file protein06.pdb (PDB, C-alpha atoms)
ATOM      1  CA  MET Q   1       0.000   0.000   0.000
ATOM      2  CA  LEU Q   2       1.151   3.519  -0.783
ATOM      3  CA  LYS Q   3       1.719   5.976   2.046
ATOM      4  CA  TYR Q   4      -0.319   8.904   0.706
ATOM      5  CA  SER Q   5      -3.221   9.475  -1.647
ATOM      6  CA  VAL Q   6      -3.160  13.178  -2.540
ATOM      7  CA  ILE Q   7      -6.694  14.168  -3.572
ATOM      8  CA  PHE Q   8      -7.870  17.406  -5.198
ATOM      9  CA  PHE Q   9     -11.487  18.567  -5.447
ATOM     10  CA  LEU Q  10     -12.025  20.500  -8.664
ATOM     11  CA  LYS Q  11     -15.396  22.236  -8.265
ATOM     12  CA  ASP Q  12     -14.996  25.002 -10.846
ATOM     13  CA  GLN Q  13     -12.875  25.886 -13.841
ATOM     14  CA  ASN Q  14      -9.849  27.165 -11.977
ATOM     15  CA  LYS Q  15      -6.933  27.614 -14.365
ATOM     16  CA  ASP Q  16      -4.382  27.660 -11.533
ATOM     17  CA  VAL Q  17      -5.222  24.134 -10.348
ATOM     18  CA  LEU Q  18      -2.714  22.539 -12.744
ATOM     19  CA  ARG Q  19       0.113  24.644 -11.321
ATOM     20  CA  PHE Q  20      -1.075  23.790  -7.797
ATOM     21  CA  MET Q  21      -1.056  20.050  -8.557
ATOM     22  CA  LYS Q  22       2.393  20.260 -10.131
ATOM     23  CA  ASP Q  23       3.749  22.057  -7.056
ATOM     24  CA  MET Q  24       2.261  19.384  -4.813
ATOM     25  CA  TYR Q  25       3.703  16.652  -7.023
ATOM     26  CA  GLU Q  26       7.174  18.183  -6.676
ATOM     27  CA  LEU Q  27       6.712  18.519  -2.913
ATOM     28  CA  PHE Q  28       5.786  14.864  -2.421
ATOM     29  CA  SER Q  29       8.462  13.709  -4.901
ATOM     30  CA  SER Q  30      11.077  15.350  -2.679
ATOM     31  CA  ARG Q  31       9.963  13.222   0.282
ATOM     32  CA  PRO Q  32      10.808   9.545   0.850
ATOM     33  CA  ASP Q  33       7.212   8.331   1.199
ATOM     34  CA  SER Q  34       5.357   6.747  -1.725
ATOM     35  CA  PHE Q  35       2.288   8.581  -3.026
ATOM     36  CA  GLU Q  36      -0.301   8.890  -5.763
ATOM     37  CA  MET Q  37      -2.193  11.918  -7.019
ATOM     38  CA  ILE Q  38      -5.923  11.954  -7.707
ATOM     39  CA  VAL Q  39      -8.148  14.758  -8.990
ATOM     40  CA  ILE Q  40     -11.958  14.728  -8.901
ATOM     41  CA  ALA Q  41     -13.737  17.122 -11.245
ATOM     42  CA  ASN Q  42     -17.073  17.845  -9.631
ATOM     43  CA  GLY Q  43     -19.463  18.708 -12.456
ATOM     44  CA  THR Q  44     -17.074  21.026 -14.351
ATOM     45  CA  GLY Q  45     -18.002  19.740 -17.794
ATOM     46  CA  GLY Q  46     -15.006  18.883 -19.976
ATOM     47  CA  PHE Q  47     -12.656  21.287 -18.209
ATOM     48  CA  LEU Q  48     -10.539  18.574 -16.556
ATOM     49  CA  LYS Q  49     -10.176  16.555 -19.744
ATOM     50  CA  ASN Q  50      -9.169  19.627 -21.754
ATOM     51  CA  MET Q  51      -6.702  20.701 -19.079
ATOM     52  CA  LEU Q  52      -4.966  17.316 -18.954
ATOM     53  CA  THR Q  53      -4.987  16.986 -22.729
ATOM     54  CA  GLY Q  54      -2.928  20.163 -22.875
ATOM     55  CA  ASP Q  55      -0.264  18.599 -20.645
ATOM     56  CA  PRO Q  56      -0.143  14.851 -21.485
ATOM     57  CA  GLU Q  57       3.158  14.302 -19.661
ATOM     58  CA  PHE Q  58       1.720  15.366 -16.295
ATOM     59  CA  ALA Q  59      -1.608  13.676 -17.058
ATOM     60  CA  GLY Q  60       0.167  10.325 -16.945
ATOM     61  CA  LYS Q  61       1.193  10.962 -13.337
ATOM     62  CA  ILE Q  62      -2.297  11.367 -11.862
ATOM     63  CA  LYS Q  63      -5.622   9.562 -11.695
ATOM     64  CA  ALA Q  64      -8.514  11.679 -12.901
ATOM     65  CA  PHE Q  65     -12.218  11.241 -12.196
ATOM     66  CA  GLU Q  66     -14.998  13.409 -13.561
ATOM     67  CA  MET Q  67     -18.448  13.549 -11.941
ATOM     68  CA  SER Q  68     -21.225  14.139 -14.464
ATOM     69  CA  ASN Q  69     -23.217  16.263 -11.994
ATOM     70  CA  LYS Q  70     -22.378  18.402  -9.001
ATOM     71  CA  ALA Q  71     -21.988  16.331  -5.838
ATOM     72  CA  SER Q  72     -20.857  17.095  -2.309
ATOM     73  CA  GLN Q  73     -17.273  16.524  -1.213
ATOM     74  CA  ALA Q  74     -18.399  13.683   1.032
ATOM     75  CA  VAL Q  75     -20.037  11.891  -1.906
ATOM     76  CA  CYS Q  76     -16.963  12.437  -4.086
ATOM     77  CA  LEU Q  77     -14.657  10.996  -1.435
ATOM     78  CA  LYS Q  78     -16.825   7.962  -0.785
ATOM     79  CA  SER Q  79     -17.219   7.283  -4.508
ATOM     80  CA  ILE Q  80     -13.477   7.103  -5.273
ATOM     81  CA  MET Q  81     -12.269   5.647  -1.956
ATOM     82  CA  ASN Q  82     -11.784   2.187  -3.469
ATOM     83  CA  GLU Q  83      -9.613   3.730  -6.186
ATOM     84  CA  CYS Q  84      -7.237   5.208  -3.602
ATOM     85  CA  ASN Q  85      -4.309   3.069  -2.466
ATOM     86  CA  GLY Q  86      -2.872   5.340   0.219
ATOM     87  CA  GLU Q  87      -2.731   4.635   3.928
ATOM     88  CA  PHE Q  88      -3.279   8.362   4.482
ATOM     89  CA  PHE Q  89      -5.447  10.767   2.490
ATOM     90  CA  VAL Q  90      -4.193  14.298   1.846
ATOM     91  CA  VAL Q  91      -7.275  16.217   0.680
ATOM     92  CA  SER Q  92      -7.350  19.719  -0.749
ATOM     93  CA  GLY Q  93      -9.608  21.901  -2.860
ATOM     94  CA  SER Q  94      -8.807  23.220  -6.303
ATOM     95  CA  TYR Q  95      -7.501  26.478  -4.803
ATOM     96  CA  GLN Q  96      -4.262  26.471  -2.874
ATOM     97  CA  GLN Q  97      -4.991  27.584   0.684
ATOM     98  CA  LEU Q  98      -1.630  27.038   2.391
ATOM     99  CA  MET Q  99       1.968  27.947   1.710
ATOM    100  CA  PRO Q 100       4.102  24.990   0.485
ATOM    101  CA  GLU Q 101       6.091  24.903   3.728
ATOM    102  CA  SER Q 102       2.810  24.584   5.627
ATOM    103  CA  TYR Q 103       2.000  21.367   3.786
ATOM    104  CA  VAL Q 104       5.398  20.070   4.866
ATOM    105  CA  LYS Q 105       4.586  21.137   8.421
ATOM    106  CA  LEU Q 106       1.316  19.217   8.325
ATOM    107  CA  LEU Q 107       3.003  16.089   6.996
ATOM    108  CA  ASP Q 108       5.731  16.275   9.623
ATOM    109  CA  ALA Q 109       3.102  16.665  12.358
ATOM    110  CA  ARG Q 110       1.769  13.178  11.634
ATOM    111  CA  ASP Q 111       2.525  10.559  14.277
ATOM    112  CA  ASP Q 112       1.194   7.192  15.396
ATOM    113  CA  ASP Q 113      -1.140   8.800  17.948
ATOM    114  CA  THR Q 114      -2.883  11.122  15.480
ATOM    115  CA  ASP Q 115      -5.603  10.068  13.058
ATOM    116  CA  ILE Q 116      -6.548  13.372  11.446
ATOM    117  CA  ILE Q 117      -4.589  16.605  11.068
ATOM    118  CA  SER Q 118      -6.215  19.951  10.259
ATOM    119  CA  PRO Q 119      -4.583  23.328   9.535
ATOM    120  CA  TRP Q 120      -5.331  26.549  11.354
ATOM    121  CA  ARG Q 121      -4.592  29.327   8.877
ATOM    122  CA  GLN Q 122      -2.629  32.295  10.203
ATOM    123  CA  HIS Q 123      -2.192  35.802   8.703
ATOM    124  CA  ARG Q 124      -5.037  35.299   6.257
ATOM    125  CA  PHE Q 125      -5.132  37.265   3.009
ATOM    126  CA  ASP Q 126      -8.863  36.793   2.434
ATOM    127  CA  PRO Q 127     -11.218  39.797   2.203
ATOM    128  CA  SER Q 128     -12.500  40.975   5.577
ATOM    129  CA  ILE Q 129     -15.994  39.587   4.945
ATOM    130  CA  TYR Q 130     -14.562  36.061   4.491
ATOM    131  CA  LYS Q 131     -12.448  36.297   7.623
ATOM    132  CA  MET Q 132     -15.386  37.570   9.637
ATOM    133  CA  GLN Q 133     -17.777  34.834   8.470
ATOM    134  CA  SER Q 134     -15.107  32.181   9.138
ATOM    135  CA  THR Q 135     -14.555  33.496  12.672
ATOM    136  CA  VAL Q 136     -18.296  33.523  13.438
ATOM    137  CA  PHE Q 137     -18.824  30.097  11.875
ATOM    138  CA  ASN Q 138     -16.026  28.422  13.847
ATOM    139  CA  ALA Q 139     -16.995  30.141  17.095
ATOM    140  CA  TRP Q 140     -20.581  28.943  16.655
ATOM    141  CA  VAL Q 141     -19.438  25.367  16.003
ATOM    142  CA  ARG Q 142     -17.199  25.418  19.090
ATOM    143  CA  TRP Q 143     -20.087  26.690  21.218
ATOM    144  CA  ILE Q 144     -22.545  24.080  19.925
ATOM    145  CA  THR Q 145     -20.269  21.037  19.963
ATOM    146  CA  GLY Q 146     -17.665  21.922  22.587
ATOM    147  CA  PHE Q 147     -15.054  20.772  20.042
ATOM    148  CA  ASN Q 148     -12.061  23.116  20.111
ATOM    149  CA  MET Q 149     -11.254  23.657  16.419
ATOM    150  CA  HIS Q 150     -10.484  27.056  14.925
ATOM    151  CA  ASP Q 151     -10.557  26.638  11.143
ATOM    152  CA  LEU Q 152     -13.133  24.149   9.932
ATOM    153  CA  SER Q 153     -13.638  26.414   6.917
ATOM    154  CA  CYS Q 154     -10.332  25.203   5.463
ATOM    155  CA  ASN Q 155     -10.872  22.082   3.361
ATOM    156  CA  VAL Q 156      -7.294  20.781   3.668
ATOM    157  CA  ARG Q 157      -7.135  17.574   5.713
ATOM    158  CA  ILE Q 158      -4.688  14.735   6.317
ATOM    159  CA  PHE Q 159      -6.279  11.625   7.783
ATOM    160  CA  ARG Q 160      -5.994   7.867   7.921
ATOM    161  CA  ARG Q 161      -8.026   5.799   5.479
ATOM    162  CA  GLU Q 162      -9.750   4.217   8.460
ATOM    163  CA  VAL Q 163     -11.223   7.589   9.449
ATOM    164  CA  LEU Q 164     -13.190   7.819   6.208
ATOM    165  CA  GLU Q 165     -14.154   4.136   6.304
ATOM    166  CA  ARG Q 166     -15.649   4.356   9.795
ATOM    167  CA  THR Q 167     -17.127   7.855   9.745
ATOM    168  CA  ASP Q 168     -20.555   8.407   8.218
ATOM    169  CA  LEU Q 169     -20.402  11.450   5.953
ATOM    170  CA  TYR Q 170     -23.058  12.851   3.635
ATOM    171  CA  GLY Q 171     -24.097  16.135   2.092
ATOM    172  CA  ASN Q 172     -21.868  19.045   3.132
ATOM    173  CA  MET Q 173     -20.592  17.291   6.244
ATOM    174  CA  TYR Q 174     -17.010  16.884   4.981
ATOM    175  CA  ARG Q 175     -15.981  20.165   6.594
ATOM    176  CA  PHE Q 176     -17.030  18.659   9.955
ATOM    177  CA  LEU Q 177     -14.954  15.500   9.508
ATOM    178  CA  PRO Q 178     -12.743  16.306  12.545
ATOM    179  CA  VAL Q 179     -15.845  16.624  14.736
ATOM    180  CA  PHE Q 180     -17.507  13.417  13.559
ATOM    181  CA  SER Q 181     -14.243  11.470  13.674
ATOM    182  CA  ALA Q 182     -13.643  12.611  17.265
ATOM    183  CA  LEU Q 183     -17.080  11.287  18.213
ATOM    184  CA  ARG Q 184     -16.002   7.926  16.793
ATOM    185  CA  GLY Q 185     -12.898   7.935  18.979
ATOM    186  CA  PHE Q 186     -10.298   9.129  16.467
ATOM    187  CA  LYS Q 187      -7.627  11.568  17.625
ATOM    188  CA  ASN Q 188      -7.322  15.036  16.084
ATOM    189  CA  LYS Q 189      -4.498  17.514  15.854
ATOM    190  CA  GLU Q 190      -4.652  21.145  14.726
ATOM    191  CA  VAL Q 191      -1.497  22.751  13.315
ATOM    192  CA  LYS Q 192      -0.938  26.468  12.772
ATOM    193  CA  CYS Q 193      -0.144  27.138   9.109
ATOM    194  CA  GLU Q 194       0.529  30.149   6.930
ATOM    195  CA  HIS Q 195      -2.234  31.163   4.567
ATOM    196  CA  PHE Q 196      -1.308  31.115   0.880
ATOM    197  CA  LYS Q 197      -0.556  34.595  -0.410
ATOM    198  CA  GLY Q 198      -1.497  33.780  -3.993
ATOM    199  CA  HIS Q 199       0.323  34.283  -7.277
ATOM    200  CA  GLY Q 200      -1.490  37.483  -8.175
ATOM    201  CA  GLU Q 201      -3.982  39.843  -6.617
ATOM    202  CA  PRO Q 202      -5.804  38.771  -3.470
ATOM    203  CA  ARG Q 203      -9.140  37.068  -3.973
ATOM    204  CA  LYS Q 204     -12.028  39.543  -4.098
ATOM    205  CA  ALA Q 205     -15.191  39.083  -2.138
ATOM    206  CA  ARG Q 206     -18.362  38.197  -4.010
ATOM    207  CA  ALA Q 207     -21.567  40.004  -3.232
ATOM    208  CA  GLY Q 208     -25.323  39.709  -3.538
ATOM    209  CA  PHE Q 209     -27.139  36.399  -3.555
ATOM    210  CA  TYR Q 210     -23.865  34.455  -3.444
ATOM    211  CA  HIS Q 211     -23.203  35.514   0.158
ATOM    212  CA  LEU Q 212     -26.845  34.997   1.122
ATOM    213  CA  SER Q 213     -26.848  31.425  -0.205
ATOM    214  CA  ILE Q 214     -23.548  30.668   1.528
ATOM    215  CA  TYR Q 215     -24.819  32.006   4.864
ATOM    216  CA  LEU Q 216     -28.072  30.030   4.643
ATOM    217  CA  SER Q 217     -26.147  26.890   3.717
ATOM    218  CA  ARG Q 218     -23.755  27.346   6.653
ATOM    219  CA  ILE Q 219     -26.649  27.867   9.090
ATOM    220  CA  ILE Q 220     -28.358  24.692   7.874
ATOM    221  CA  ASP Q 221     -25.069  22.782   8.127
ATOM    222  CA  ILE Q 222     -24.563  23.947  11.713
ATOM    223  CA  PHE Q 223     -28.066  22.878  12.743
ATOM    224  CA  THR Q 224     -27.472  19.519  11.054
ATOM    225  CA  LEU Q 225     -24.205  19.181  12.943
ATOM    226  CA  TYR Q 226     -25.940  20.077  16.211
ATOM    227  CA  PHE Q 227     -28.606  17.426  15.713
ATOM    228  CA  ASN Q 228     -26.093  14.770  14.610
ATOM    229  CA  THR Q 229     -23.760  15.361  17.530
ATOM    230  CA  SER Q 230     -26.376  15.803  20.262
ATOM    231  CA  PHE Q 231     -29.530  13.902  19.331
ATOM    232  CA  ILE Q 232     -28.820  11.367  16.584
ATOM    233  CA  LYS Q 233     -29.013   8.508  19.116
ATOM    234  CA  LYS Q 234     -31.799  10.075  21.196
ATOM    235  CA  PRO Q 235     -34.245  11.834  18.832
ATOM    236  CA  LEU Q 236     -37.060  11.567  21.372
ATOM    237  CA  ARG Q 237     -35.262  14.073  23.602
ATOM    238  CA  PHE Q 238     -34.996  16.589  20.747
ATOM    239  CA  PHE Q 239     -38.517  16.300  19.347
ATOM    240  CA  SER Q 240     -40.190  15.869  22.720
ATOM    241  CA  SER Q 241     -38.523  19.101  23.903
ATOM    242  CA  ILE Q 242     -40.112  20.926  20.960
ATOM    243  CA  GLY Q 243     -43.411  19.170  21.644
ATOM    244  CA  ILE Q 244     -43.436  19.997  25.353
ATOM    245  CA  ILE Q 245     -42.651  23.669  24.699
ATOM    246  CA  SER Q 246     -45.454  23.887  22.118
ATOM    247  CA  ILE Q 247     -47.956  22.150  24.399
ATOM    248  CA  VAL Q 248     -47.052  24.323  27.410
ATOM    249  CA  ILE Q 249     -47.458  27.509  25.346
ATOM    250  CA  SER Q 250     -50.777  26.193  24.006
ATOM    251  CA  ILE Q 251     -52.072  25.390  27.486
ATOM    252  CA  THR Q 252     -50.951  28.794  28.777
ATOM    253  CA  ILE Q 253     -52.745  30.647  25.973
ATOM    254  CA  ASN Q 254     -55.908  28.589  26.475
ATOM    255  CA  PHE Q 255     -55.819  29.223  30.234
ATOM    256  CA  ILE Q 256     -55.547  32.980  29.690
ATOM    257  CA  LEU Q 257     -58.408  32.897  27.178
ATOM    258  CA  PHE Q 258     -60.471  30.826  29.604
ATOM    259  CA  LEU Q 259     -59.938  33.391  32.377
ATOM    260  CA  GLN Q 260     -60.944  36.190  29.991
ATOM    261  CA  LYS Q 261     -64.076  34.209  29.115
ATOM    262  CA  ILE Q 262     -65.017  33.692  32.798
ATOM    263  CA  PHE Q 263     -64.288  37.168  34.143
ATOM    264  CA  TYR Q 264     -64.792  39.428  31.124
ATOM    265  CA  GLY Q 265     -67.219  37.446  28.997
ATOM    266  CA  GLN Q 266     -64.974  37.509  25.932
ATOM    267  CA  ASN Q 267     -65.606  34.931  23.221
ATOM    268  CA  MET Q 268     -62.874  32.268  22.854
ATOM    269  CA  ALA Q 269     -63.760  30.380  19.698
ATOM    270  CA  LEU Q 270     -63.271  33.046  17.041
ATOM    271  CA  ARG Q 271     -60.125  34.680  18.412
ATOM    272  CA  PRO Q 272     -56.780  34.305  16.540
ATOM    273  CA  MET Q 273     -55.003  33.414  19.795
ATOM    274  CA  PHE Q 274     -57.313  30.446  20.269
ATOM    275  CA  ILE Q 275     -56.506  29.201  16.743
ATOM    276  CA  LEU Q 276     -52.788  29.659  17.517
ATOM    277  CA  ALA Q 277     -53.169  27.648  20.715
ATOM    278  CA  ILE Q 278     -54.859  24.791  18.875
ATOM    279  CA  PHE Q 279     -52.126  24.889  16.208
ATOM    280  CA  LEU Q 280     -49.357  24.731  18.844
ATOM    281  CA  LEU Q 281     -51.123  21.845  20.552
ATOM    282  CA  VAL Q 282     -51.228  19.873  17.288
ATOM    283  CA  VAL Q 283     -47.565  20.693  16.567
ATOM    284  CA  GLY Q 284     -46.594  19.560  20.063
ATOM    285  CA  VAL Q 285     -48.372  16.221  19.778
ATOM    286  CA  GLN Q 286     -46.937  15.578  16.314
ATOM    287  CA  SER Q 287     -43.402  16.474  17.436
ATOM    288  CA  ALA Q 288     -43.607  14.068  20.334
ATOM    289  CA  GLY Q 289     -44.902  11.391  17.967
ATOM    290  CA  MET Q 290     -42.005  12.004  15.553
ATOM    291  CA  GLY Q 291     -39.546  11.703  18.426
ATOM    292  CA  LEU Q 292     -41.068   8.408  19.520
ATOM    293  CA  LEU Q 293     -40.963   7.080  15.962
ATOM    294  CA  GLY Q 294     -37.322   8.160  15.629
ATOM    295  CA  GLU Q 295     -36.485   6.476  18.923
ATOM    296  CA  ILE Q 296     -38.003   3.205  17.672
ATOM    297  CA  ILE Q 297     -35.974   3.416  14.435
ATOM    298  CA  VAL Q 298     -32.736   4.102  16.334
ATOM    299  CA  PHE Q 299     -33.423   1.249  18.745
ATOM    300  CA  THR Q 300     -34.153  -1.125  15.857
ATOM    301  CA  HIS Q 301     -31.272  -0.247  13.530
ATOM    302  CA  GLY Q 302     -28.777   1.666  15.666
ATOM    303  CA  ARG Q 303     -27.612  -1.441  17.504
ATOM    304  CA  ARG Q 304     -25.938  -2.677  14.329
ATOM    305  CA  LYS Q 305     -23.587   0.317  14.181
ATOM    306  CA  ARG Q 306     -20.469   0.410  16.288
ATOM    307  CA  GLU Q 307     -19.895   3.834  17.838
ATOM    308  CA  TYR Q 308     -16.332   3.263  18.954
ATOM    309  CA  ILE Q 309     -12.967   1.989  17.790
ATOM    310  CA  ILE Q 310     -10.580  -0.292  19.657
ATOM    311  CA  GLU Q 311      -7.335   1.620  19.862
ATOM    312  CA  LYS Q 312      -5.125  -1.196  21.103
ATOM    313  CA  ILE Q 313      -5.427  -4.836  22.141
ATOM    314  CA  ILE Q 314      -3.047  -5.661  24.993
TER
END

call {"tool": "encode", "arguments": {"input": "protein06.pdb", "output": "structure tokens"}}
result
Amino acid sequence: MLKYSVIFFLKDQNKDVLRFMKDMYELFSSRPDSFEMIVIANGTGGFLKNMLTGDPEFAGKIKAFEMSNKASQAVCLKSIMNECNGEFFVVSGSYQQLMPESYVKLLDARDDDTDIISPWRQHRFDPSIYKMQSTVFNAWVRWITGFNMHDLSCNVRIFRREVLERTDLYGNMYRFLPVFSALRGFKNKEVKCEHFKGHGEPRKARAGFYHLSIYLSRIIDIFTLYFNTSFIKKPLRFFSSIGIISIVISITINFILFLQKIFYGQNMALRPMFILAIFLLVVGVQSAGMGLLGEIIVFTHGRRKREYIIEKII
């Protein structure tokens, strides 16, 4: 088995990705460990094929896969995992995010007690809006999960093959791989790295609906992470909490309306608050029912899944 599988996600037609891959090839060639290079074009049309056709000599040094439609990073990784021969996966996006010496630093930080290594970018050259959203995003994740990571926005990761094999990933959950792997018992390490300065002008911030869609996607991802880390094995606690709150509010509203009916003679039936109370009561009962149904499903199927790893047999 090879030591490293170096994997690139190509999600758009970035002309600098070929130079980035060549630099990484030279970096790994200068080290004693065996490696392979793999690039996944994620719904970019014929861009990857045209790019490699223009440089046939380098094309012979990498494995290339092209997804017909856009897919998440988790799906891409799972789909080509059997094609990777490395003991460790070195995953990066199509844009270089770290200085070359930082990649060396990450590789040198690997030891027998660490399963996944993540960078923490220092002295970032991103626009202020990107740095601010990254700071808020990571702070929110730390608060929700209690997991002390500072740069989950960076998609560079080095991890053992076993981490991907035993960690359930889907959708946009790849960025939370350190969190999910820690829940499975794998050991994480975060290394301070220098942010890539770029070959030209600094990247400019996009505006308009792009930022809005990114923010909404991040919020949904965080709520998904919160549910998966806190309630995936106990859905009744999550849904019953919603149900109890709804029922208590409904009962409170109905009690107030009842008092107004007794003491002031006000009609209850046609008032909007009464309709709201009935609606909250229905929502509460349904939420509790969903939690109970989820609990039955987890009890029936969850026993088949092992939630731990055996680190060492003595």

call {"tool": "residues_around", "arguments": {"input": "protein06.pdb", "residues": "Ser240 (chain Q)", "least_positions_apart": "4", "cutoff": "9 Å", "atoms": "all atoms listed in the file", "output": "number ranges by chain"}}
result
Q: 235-236, 244-245, 284-285, 287-292

call {"tool": "resolve_selection", "arguments": {"input": "protein06.pdb", "expression": "the PyMOL selection byres ((chain Q and resi 41-52) around 12)", "output": "MDAnalysis selection string"}}
result
chainID Q and resid 7:19 21:22 38:40 53:77 79:80 93:94

call {"tool": "atom_distance", "arguments": {"input": "protein06.pdb", "atom1": "CA of Glu162 (chain Q)", "atom2": "CA of Pro32 (chain Q)"}}
result
22.6 Å

call {"tool": "residues_around", "arguments": {"input": "protein06.pdb", "residues": "region 131-136 of chain Q", "least_positions_apart": "2", "cutoff": "10 Å", "atoms": "all atoms listed in the file", "output": "list in words"}}
result
Arg124, Phe125, Asp126, Pro127, Ser128, Ile129, Asn138, Ala139, Trp140, Val141, Arg142, His150, Asp151, Leu152, Ser153, Cys154, His211, Ile214, Tyr215 and Arg218 of chain Q

call {"tool": "axis_aligned_box", "arguments": {"input": "protein06.pdb", "around": "region 276-280 of chain Q", "padding_each_side": "3 Å", "output": "lines of an AutoDock Vina configuration file"}}
result
center_x = -52.1
center_y = 27.2
center_z = 18.5
size_x = 11.5
size_y = 10.9
size_z = 10.5

call {"tool": "closest_residue", "arguments": {"input": "protein06.pdb", "among": "Q:Tyr174, Q:Leu183, Q:Cys193, Q:Ser30", "to": "Asp221 (chain Q)", "atoms": "all atoms listed in the file"}}
result
Q:Tyr174

call {"tool": "decode", "arguments": {"input": "protein06.pdb", "residues": "region 239-267 of chain Q", "atoms": "C-alpha atoms", "output": "tab-separated table (two decimals), in the first residue's frame"}}
result
chain	number	residue	atom	x	y	z
Q	239	PHE	CA	-38.52	16.30	19.35
Q	240	SER	CA	-40.19	15.87	22.72
Q	241	SER	CA	-38.52	19.10	23.90
Q	242	ILE	CA	-40.11	20.93	20.96
Q	243	GLY	CA	-43.41	19.17	21.64
Q	244	ILE	CA	-43.44	20.00	25.35
Q	245	ILE	CA	-42.65	23.67	24.70
Q	246	SER	CA	-45.45	23.89	22.12
Q	247	ILE	CA	-47.96	22.15	24.40
Q	248	VAL	CA	-47.05	24.32	27.41
Q	249	ILE	CA	-47.46	27.51	25.35
Q	250	SER	CA	-50.78	26.19	24.01
Q	251	ILE	CA	-52.07	25.39	27.49
Q	252	THR	CA	-50.95	28.79	28.78
Q	253	ILE	CA	-52.74	30.65	25.97
Q	254	ASN	CA	-55.91	28.59	26.47
Q	255	PHE	CA	-55.82	29.22	30.23
Q	256	ILE	CA	-55.55	32.98	29.69
Q	257	LEU	CA	-58.41	32.90	27.18
Q	258	PHE	CA	-60.47	30.83	29.60
Q	259	LEU	CA	-59.94	33.39	32.38
Q	260	GLN	CA	-60.94	36.19	29.99
Q	261	LYS	CA	-64.08	34.21	29.11
Q	262	ILE	CA	-65.02	33.69	32.80
Q	263	PHE	CA	-64.29	37.17	34.14
Q	264	TYR	CA	-64.79	39.43	31.12
Q	265	GLY	CA	-67.22	37.45	29.00
Q	266	GLN	CA	-64.97	37.51	25.93
Q	267	ASN	CA	-65.61	34.93	23.22
